[in-house]
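K.L.:
Input file: final_26.cif. Contents: mmCIF, N, CA and C atoms.
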```cif
data_data
#
loop_
_atom_site.label_atom_id
_atom_site.label_comp_id
_atom_site.auth_asym_id
_atom_site.auth_seq_id
_atom_site.Cartn_x
_atom_site.Cartn_y
_atom_site.Cartn_z
N MET A 20 13.03 -9.47 -3.81
CA MET A 20 12.39 -9.99 -2.62
C MET A 20 12.58 -9.03 -1.44
N ASN A 21 13.66 -8.26 -1.42
CA ASN A 21 13.86 -7.30 -0.33
C ASN A 21 12.77 -6.24 -0.33
N PHE A 22 12.31 -5.86 -1.54
CA PHE A 22 11.24 -4.87 -1.62
C PHE A 22 9.96 -5.42 -1.00
N ILE A 23 9.65 -6.69 -1.27
CA ILE A 23 8.45 -7.31 -0.71
C ILE A 23 8.59 -7.42 0.81
N LYS A 24 9.78 -7.76 1.30
CA LYS A 24 10.00 -7.83 2.75
C LYS A 24 9.73 -6.47 3.38
N PHE A 25 10.22 -5.40 2.73
CA PHE A 25 9.98 -4.06 3.26
C PHE A 25 8.49 -3.71 3.23
N MET A 26 7.83 -3.98 2.11
CA MET A 26 6.43 -3.59 1.96
C MET A 26 5.52 -4.32 2.95
N THR A 27 5.87 -5.54 3.34
CA THR A 27 5.04 -6.28 4.30
C THR A 27 5.44 -5.99 5.75
N SER A 28 6.55 -5.28 5.96
CA SER A 28 6.97 -4.95 7.33
C SER A 28 6.13 -3.79 7.87
N ASN A 29 6.30 -3.51 9.15
CA ASN A 29 5.58 -2.38 9.75
C ASN A 29 6.00 -1.06 9.13
N ALA A 30 7.28 -0.93 8.79
CA ALA A 30 7.74 0.30 8.13
C ALA A 30 7.10 0.44 6.75
N GLY A 31 6.95 -0.66 6.05
CA GLY A 31 6.30 -0.64 4.74
C GLY A 31 4.82 -0.30 4.85
N ARG A 32 4.19 -0.81 5.89
CA ARG A 32 2.78 -0.46 6.13
C ARG A 32 2.65 1.03 6.34
N GLY A 33 3.55 1.59 7.16
CA GLY A 33 3.53 3.03 7.40
C GLY A 33 3.78 3.82 6.12
N ALA A 34 4.70 3.34 5.30
CA ALA A 34 4.98 4.02 4.03
C ALA A 34 3.76 4.00 3.12
N ARG A 35 3.03 2.88 3.11
CA ARG A 35 1.83 2.81 2.27
C ARG A 35 0.75 3.77 2.77
N VAL A 36 0.62 3.89 4.08
CA VAL A 36 -0.35 4.83 4.64
C VAL A 36 0.02 6.26 4.24
N VAL A 37 1.28 6.60 4.41
CA VAL A 37 1.74 7.95 4.06
C VAL A 37 1.55 8.20 2.57
N LEU A 38 1.94 7.23 1.73
CA LEU A 38 1.79 7.38 0.29
C LEU A 38 0.32 7.60 -0.09
N GLY A 39 -0.57 6.82 0.51
CA GLY A 39 -1.99 6.98 0.24
C GLY A 39 -2.50 8.35 0.63
N LEU A 40 -2.07 8.84 1.79
CA LEU A 40 -2.48 10.18 2.23
C LEU A 40 -1.94 11.26 1.32
N VAL A 41 -0.71 11.09 0.84
CA VAL A 41 -0.12 12.07 -0.09
C VAL A 41 -0.90 12.10 -1.39
N ILE A 42 -1.21 10.93 -1.94
CA ILE A 42 -1.95 10.88 -3.20
C ILE A 42 -3.34 11.49 -3.04
N ILE A 43 -4.01 11.18 -1.95
CA ILE A 43 -5.34 11.74 -1.70
C ILE A 43 -5.26 13.26 -1.56
N SER A 44 -4.27 13.74 -0.80
CA SER A 44 -4.12 15.19 -0.61
C SER A 44 -3.82 15.90 -1.92
N LEU A 45 -2.92 15.32 -2.71
CA LEU A 45 -2.62 15.93 -4.01
C LEU A 45 -3.86 15.97 -4.89
N GLY A 46 -4.62 14.90 -4.89
CA GLY A 46 -5.82 14.86 -5.70
C GLY A 46 -6.87 15.88 -5.27
N GLN A 47 -7.00 16.07 -3.98
CA GLN A 47 -8.04 16.97 -3.48
C GLN A 47 -7.64 18.43 -3.49
N PHE A 48 -6.36 18.71 -3.20
CA PHE A 48 -5.96 20.11 -3.00
C PHE A 48 -5.09 20.69 -4.10
N VAL A 49 -4.44 19.85 -4.89
CA VAL A 49 -3.56 20.37 -5.93
C VAL A 49 -4.18 20.19 -7.31
N VAL A 50 -4.54 18.97 -7.65
CA VAL A 50 -5.04 18.69 -8.99
C VAL A 50 -6.50 19.11 -9.12
N GLN A 51 -7.33 18.69 -8.20
CA GLN A 51 -8.76 18.99 -8.16
C GLN A 51 -9.48 18.49 -9.41
N GLY A 52 -10.75 18.72 -9.49
CA GLY A 52 -11.56 18.28 -10.62
C GLY A 52 -11.70 16.77 -10.69
N THR A 53 -12.04 16.29 -11.86
CA THR A 53 -12.27 14.86 -12.06
C THR A 53 -10.99 14.05 -11.85
N ILE A 54 -9.88 14.52 -12.38
CA ILE A 54 -8.62 13.80 -12.22
C ILE A 54 -8.22 13.76 -10.75
N GLY A 55 -8.46 14.84 -10.03
CA GLY A 55 -8.17 14.86 -8.60
C GLY A 55 -9.02 13.87 -7.83
N THR A 56 -10.27 13.74 -8.22
CA THR A 56 -11.15 12.76 -7.58
C THR A 56 -10.66 11.35 -7.85
N VAL A 57 -10.26 11.09 -9.08
CA VAL A 57 -9.72 9.77 -9.44
C VAL A 57 -8.45 9.49 -8.64
N MET A 58 -7.58 10.49 -8.53
CA MET A 58 -6.36 10.32 -7.72
C MET A 58 -6.70 10.00 -6.28
N SER A 59 -7.69 10.67 -5.74
CA SER A 59 -8.08 10.42 -4.35
C SER A 59 -8.60 9.01 -4.17
N ILE A 60 -9.35 8.52 -5.12
CA ILE A 60 -9.86 7.15 -5.05
C ILE A 60 -8.72 6.16 -5.15
N VAL A 61 -7.79 6.42 -6.05
CA VAL A 61 -6.62 5.54 -6.20
C VAL A 61 -5.77 5.56 -4.92
N GLY A 62 -5.68 6.71 -4.27
CA GLY A 62 -4.93 6.83 -3.03
C GLY A 62 -5.50 5.99 -1.90
N LEU A 63 -6.77 5.63 -2.01
CA LEU A 63 -7.37 4.77 -0.98
C LEU A 63 -6.78 3.36 -0.99
N ILE A 64 -6.22 2.94 -2.12
CA ILE A 64 -5.67 1.59 -2.22
C ILE A 64 -4.46 1.41 -1.31
N PRO A 65 -3.39 2.23 -1.45
CA PRO A 65 -2.27 2.04 -0.52
C PRO A 65 -2.63 2.40 0.93
N LEU A 66 -3.51 3.37 1.10
CA LEU A 66 -3.92 3.74 2.46
C LEU A 66 -4.61 2.56 3.15
N SER A 67 -5.58 1.95 2.49
CA SER A 67 -6.28 0.83 3.10
C SER A 67 -5.37 -0.39 3.22
N GLY A 68 -4.45 -0.56 2.28
CA GLY A 68 -3.49 -1.67 2.38
C GLY A 68 -2.63 -1.56 3.62
N GLY A 69 -2.19 -0.36 3.94
CA GLY A 69 -1.39 -0.16 5.14
C GLY A 69 -2.20 -0.30 6.40
N VAL A 70 -3.40 0.25 6.40
CA VAL A 70 -4.25 0.20 7.60
C VAL A 70 -4.73 -1.22 7.89
N PHE A 71 -5.16 -1.94 6.84
CA PHE A 71 -5.74 -3.27 7.04
C PHE A 71 -4.74 -4.40 6.80
N ASP A 72 -3.48 -4.08 6.62
CA ASP A 72 -2.37 -5.02 6.50
C ASP A 72 -2.55 -6.04 5.37
N PHE A 73 -2.69 -5.52 4.15
CA PHE A 73 -2.59 -6.38 2.97
C PHE A 73 -1.68 -5.69 1.97
N CYS A 74 -1.01 -6.50 1.15
CA CYS A 74 -0.03 -5.96 0.22
C CYS A 74 -0.31 -6.50 -1.18
N LEU A 75 -0.83 -5.64 -2.04
CA LEU A 75 -1.17 -6.05 -3.40
C LEU A 75 0.08 -6.35 -4.23
N ILE A 76 1.17 -5.64 -3.97
CA ILE A 76 2.40 -5.89 -4.71
C ILE A 76 2.93 -7.29 -4.39
N GLY A 77 2.94 -7.65 -3.12
CA GLY A 77 3.36 -8.99 -2.74
C GLY A 77 2.45 -10.06 -3.33
N PHE A 78 1.16 -9.78 -3.33
CA PHE A 78 0.19 -10.72 -3.90
C PHE A 78 0.45 -10.92 -5.39
N ALA A 79 0.78 -9.83 -6.09
CA ALA A 79 1.09 -9.93 -7.51
C ALA A 79 2.37 -10.73 -7.76
N MET A 80 3.25 -10.78 -6.76
CA MET A 80 4.51 -11.51 -6.90
C MET A 80 4.41 -12.95 -6.37
N GLY A 81 3.19 -13.37 -6.00
CA GLY A 81 2.98 -14.76 -5.59
C GLY A 81 2.98 -14.99 -4.09
N TYR A 82 2.99 -13.94 -3.30
CA TYR A 82 2.93 -14.07 -1.85
C TYR A 82 1.49 -13.91 -1.39
N PRO A 83 1.19 -14.37 -0.18
CA PRO A 83 -0.19 -14.20 0.32
C PRO A 83 -0.59 -12.73 0.40
N LEU A 84 -1.87 -12.48 0.22
CA LEU A 84 -2.39 -11.12 0.27
C LEU A 84 -2.29 -10.54 1.67
N LYS A 85 -2.60 -11.32 2.67
CA LYS A 85 -2.58 -10.86 4.06
C LYS A 85 -1.13 -10.66 4.51
N GLY A 86 -0.85 -9.51 5.08
CA GLY A 86 0.52 -9.15 5.47
C GLY A 86 1.15 -10.13 6.45
N ALA A 87 0.41 -10.57 7.44
CA ALA A 87 0.97 -11.49 8.43
C ALA A 87 1.38 -12.81 7.77
N ASP A 88 0.55 -13.30 6.87
CA ASP A 88 0.88 -14.55 6.17
C ASP A 88 2.08 -14.36 5.25
N ALA A 89 2.17 -13.22 4.60
CA ALA A 89 3.32 -12.93 3.72
C ALA A 89 4.60 -12.85 4.54
N ARG A 90 4.54 -12.23 5.72
CA ARG A 90 5.73 -12.15 6.58
C ARG A 90 6.17 -13.53 7.02
N LYS A 91 5.23 -14.41 7.35
CA LYS A 91 5.57 -15.78 7.73
C LYS A 91 6.24 -16.52 6.58
N LYS A 92 5.71 -16.36 5.38
CA LYS A 92 6.28 -17.02 4.22
C LYS A 92 7.67 -16.48 3.93
N LEU A 93 7.86 -15.17 4.03
CA LEU A 93 9.17 -14.58 3.78
C LEU A 93 10.17 -14.98 4.83
N ALA A 94 9.74 -15.17 6.07
CA ALA A 94 10.65 -15.58 7.13
C ALA A 94 11.13 -17.01 6.91
N GLY A 95 10.29 -17.81 6.27
CA GLY A 95 10.66 -19.20 5.99
C GLY A 95 11.61 -19.35 4.84
N ASN A 96 11.71 -18.33 3.98
CA ASN A 96 12.61 -18.39 2.80
C ASN A 96 14.01 -18.04 3.17
#
```
What does the file become when written as structure tokens?

P.N.:
Amino acid sequence: MNFIKFMTSNAGRGARVVLGLVIISLGQFVVQGTIGTVMSIVGLIPLSGGVFDFCLIGFAMGYPLKGADARKKLAGN
């Protein structure tokens, strides 16, 4: 549960944005080709999750998808 608390926090949002940018950069500039394009598309998931405040990992663990709602639920536990 501590991991979910971190991922839904502002620091976790920032980490998801950074992770998404790293994956996209690696896909475009290091790997390149078809696999690089796929990596870049996959990198959009954590990037958009951090920017738009949703957490797929928390959702998979039974918490609300929206970050604000997940933080409220975690604060109540």

K.L.:
When you count only C-alpha atoms, which of these residues is closest to Asp72 in chain A: A:Met20, A:Leu45, A:Ala34, A:Ile54?

P.N.:
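For Asp72 in chain A, the nearest of the given residues is A:Ala34.
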
K.L.:
Find the residues near Gly62 in chain A: any atom within 8 Å, counting all atoms listed in the file, skip ones fewer than 5 places away on the same chain, and give them as a VMD selection string.

P.N.:
chain A and resid 38 to 44 56 to 57 67 to 68

K.L.:
With N, CA and C atoms retained, could you export that selection as a PDB file, keeping the file's coordinate frame?

P.N.:
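Now in again-v9.pdb:
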```pdb
ATOM      1  N   LEU A  38       1.940   7.230   1.730  1.00  0.00           N
ATOM      2  CA  LEU A  38       1.790   7.380   0.290  1.00  0.00           C
ATOM      3  C   LEU A  38       0.320   7.600  -0.090  1.00  0.00           C
ATOM      4  N   GLY A  39      -0.570   6.820   0.510  1.00  0.00           N
ATOM      5  CA  GLY A  39      -1.990   6.980   0.240  1.00  0.00           C
ATOM      6  C   GLY A  39      -2.500   8.350   0.630  1.00  0.00           C
ATOM      7  N   LEU A  40      -2.070   8.840   1.790  1.00  0.00           N
ATOM      8  CA  LEU A  40      -2.480  10.180   2.230  1.00  0.00           C
ATOM      9  C   LEU A  40      -1.940  11.260   1.320  1.00  0.00           C
ATOM     10  N   VAL A  41      -0.710  11.090   0.840  1.00  0.00           N
ATOM     11  CA  VAL A  41      -0.120  12.070  -0.090  1.00  0.00           C
ATOM     12  C   VAL A  41      -0.900  12.100  -1.390  1.00  0.00           C
ATOM     13  N   ILE A  42      -1.210  10.930  -1.940  1.00  0.00           N
ATOM     14  CA  ILE A  42      -1.950  10.880  -3.200  1.00  0.00           C
ATOM     15  C   ILE A  42      -3.340  11.490  -3.040  1.00  0.00           C
ATOM     16  N   ILE A  43      -4.010  11.180  -1.950  1.00  0.00           N
ATOM     17  CA  ILE A  43      -5.340  11.740  -1.700  1.00  0.00           C
ATOM     18  C   ILE A  43      -5.260  13.260  -1.560  1.00  0.00           C
ATOM     19  N   SER A  44      -4.270  13.740  -0.800  1.00  0.00           N
ATOM     20  CA  SER A  44      -4.120  15.190  -0.610  1.00  0.00           C
ATOM     21  C   SER A  44      -3.820  15.900  -1.920  1.00  0.00           C
ATOM     22  N   THR A  56     -10.270  13.740  -8.220  1.00  0.00           N
ATOM     23  CA  THR A  56     -11.150  12.760  -7.580  1.00  0.00           C
ATOM     24  C   THR A  56     -10.660  11.350  -7.850  1.00  0.00           C
ATOM     25  N   VAL A  57     -10.260  11.090  -9.080  1.00  0.00           N
ATOM     26  CA  VAL A  57      -9.720   9.770  -9.440  1.00  0.00           C
ATOM     27  C   VAL A  57      -8.450   9.490  -8.640  1.00  0.00           C
ATOM     28  N   SER A  67      -5.580   1.950   2.490  1.00  0.00           N
ATOM     29  CA  SER A  67      -6.280   0.830   3.100  1.00  0.00           C
ATOM     30  C   SER A  67      -5.370  -0.390   3.220  1.00  0.00           C
ATOM     31  N   GLY A  68      -4.450  -0.560   2.280  1.00  0.00           N
ATOM     32  CA  GLY A  68      -3.490  -1.670   2.380  1.00  0.00           C
ATOM     33  C   GLY A  68      -2.630  -1.560   3.620  1.00  0.00           C
TER      34      GLY A  68
END
```

K.L.:
Given all atoms listed in the file as the basis, pick out the residue of A:Leu75, A:Ala87, A:Val49, A:Val70 nearest to Gly33 in chain A.

P.N.:
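With all atoms listed in the file as the atom set, the closest residue is A:Val70.
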
K.L.:
Between A:Gly46, A:Cys74, A:Asn21, A:Ala94, which one has atoms that come closest to Ile60 in chain A, using only C-alpha atoms?

P.N.:
A:Gly46

K.L.:
Taking only chain A into account, list the residues labelled alpha helix (DSSP H) by DSSP (computed from the backbone), as a VMD selection string.

P.N.:
chain A and resid 21 to 27 29 to 44 52 to 71 75 to 79 86 to 95

K.L.:
Could you please determine the separation between CA of Met26 in chain A and atom N of Ser59 in chain A in Å, to one decimal place?

P.N.:
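Computed distance, CA of Met26 in chain A to atom N of Ser59 in chain A, equals 21.5 Å.
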
K.L.:
Grab the atom N of Arg35 in chain A to CA of Gly69 in chain A distance for me, in Å with one decimal place.

P.N.:
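The value is 5.7 Å.
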
K.L.:
As an exercise, work out the distance from atom C of Lys85 in chain A to CA of Val36 in chain A in Å and give it to one decimal place.

P.N.:
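Answer for the atom C of Lys85 in chain A to CA of Val36 in chain A separation: 15.5 Å.
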
K.L.:
Given only N, CA and C atoms as the basis, pick out the residue of A:Val50, A:Val37, A:Gly31, A:Gly77 nearest to Ala89 in chain A.

P.N.:
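Among A:Val50, A:Val37, A:Gly31, A:Gly77, it is A:Gly77 that comes nearest to Ala89 in chain A.
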